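Report on the following structure.
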Amino acid sequence: CNCELTSHAKNINLFFYKAKKVFYMSEKQKLIYESKLKNLSNGYVLSSIFKKNTIDYIKSLSKPKNDKWLIYDTENFLKGTANSVKYAKENNLDYELFSNLTHRGTIDRLSKSKGLIFLPNGEDTCPRLVIEARLCGCELVCNEKVQHLKEQWFENSKTCLNYLETRAGKFWEIFNESF
């Protein structure tokens, strides 16, 4: 798109330019913004920040895996439920749709499942569900619209966990540089 030429984008550019720090969810998101907006040099990739008790809870789980693939069931077109169901059917995967679970319920379901199929229609900067699936040892079927998918920290559950445990501290380190 040439959305960067709109007056709205020019206001966003000014806002970002005047900000002391701009935090992005993924390297890909940062690159997209920096290619569309001008003179940005104040950006940092932070990714997601997880609460310590969430990380500790995920670490405590060690349940045997079943053969089910999970698909997030939502009416939000951008999340690509239909794409994921189609993929599962075309590849004869045993899948289960899920929605309306508590956060812990979602983590519990991921910890027991073989994998997650997540094929969004729109750019998804750093979807928490995909990160939690990785941390729970799930296999992943995702498309290029999951922006953090190829970042080094996301290679496996161990590098993912190590990275996430540093994010809150990294935020405060960068934030305090401004003052």
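The chains in the structure tokens are called A, B, ... from first to last as shown; in each chain the residues are counted from 1, and the ligands are counted from 1 in the order shown.
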
May I have all residues of chain A that DSSP, computed from the backbone, assigns to strand (DSSP E), given as a ChimeraX atom specification?
/A:22-24,43-45,69-72,95-98,115-118,139-142

10 Å contact set for Tyr24 (chain A), only C-alpha atoms, chain neighbours under 6 positions out, as a short mmCIF file (atom, residue, chain, number, x, y, z; two decimals) with C-alpha atoms, in the first residue's frame:
data_model
loop_
_atom_site.label_atom_id
_atom_site.label_comp_id
_atom_site.auth_asym_id
_atom_site.auth_seq_id
_atom_site.Cartn_x
_atom_site.Cartn_y
_atom_site.Cartn_z
CA LYS A 30 9.90 -2.50 13.01
CA LEU A 31 11.14 -2.90 9.43
CA TYR A 33 7.23 0.93 10.01
CA GLY A 43 12.81 2.07 17.81
CA TYR A 44 13.43 -1.06 19.85
CA VAL A 45 12.03 -4.55 19.45
CA LEU A 46 10.65 -5.65 22.78
CA SER A 47 8.32 -8.49 21.69
CA SER A 48 5.93 -9.71 24.36
CA THR A 125 3.13 -8.85 15.04
CA CYS A 126 3.85 -11.30 17.83
#

List the neighbours of Leu116 (chain A) out to 8 Å using only C-alpha atoms; skip same-chain residues closer than 5 positions along the sequence, and give me the result as number ranges by chain.
A: 69-71, 110, 130, 133, 138-141

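Shortest separation to Lys112 (chain A) among A:Cys142, A:Leu97, A:Cys160, A:Leu61 occurs at residue A:Leu61, atoms counted being only C-alpha atoms.
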
Quick one: of A:Lys63, A:Lys79, A:Lys68, A:Lys89, who's nearest to Glu123 (chain A), counting only C-alpha atoms?
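Closest to Glu123 (chain A) of all the choices is A:Lys79.
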
Kindly give the distance, in Å, that separates CA of Asn42 (chain A) and CA of Lys21 (chain A), rounded to a single decimal.
5.2 Å

Which residue out of A:Ile58, A:Ile131, A:Ile174, A:Ile107 has the minimum interatomic distance to Trp153 (chain A) when only C-alpha atoms are used?
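Closest candidate: A:Ile131.
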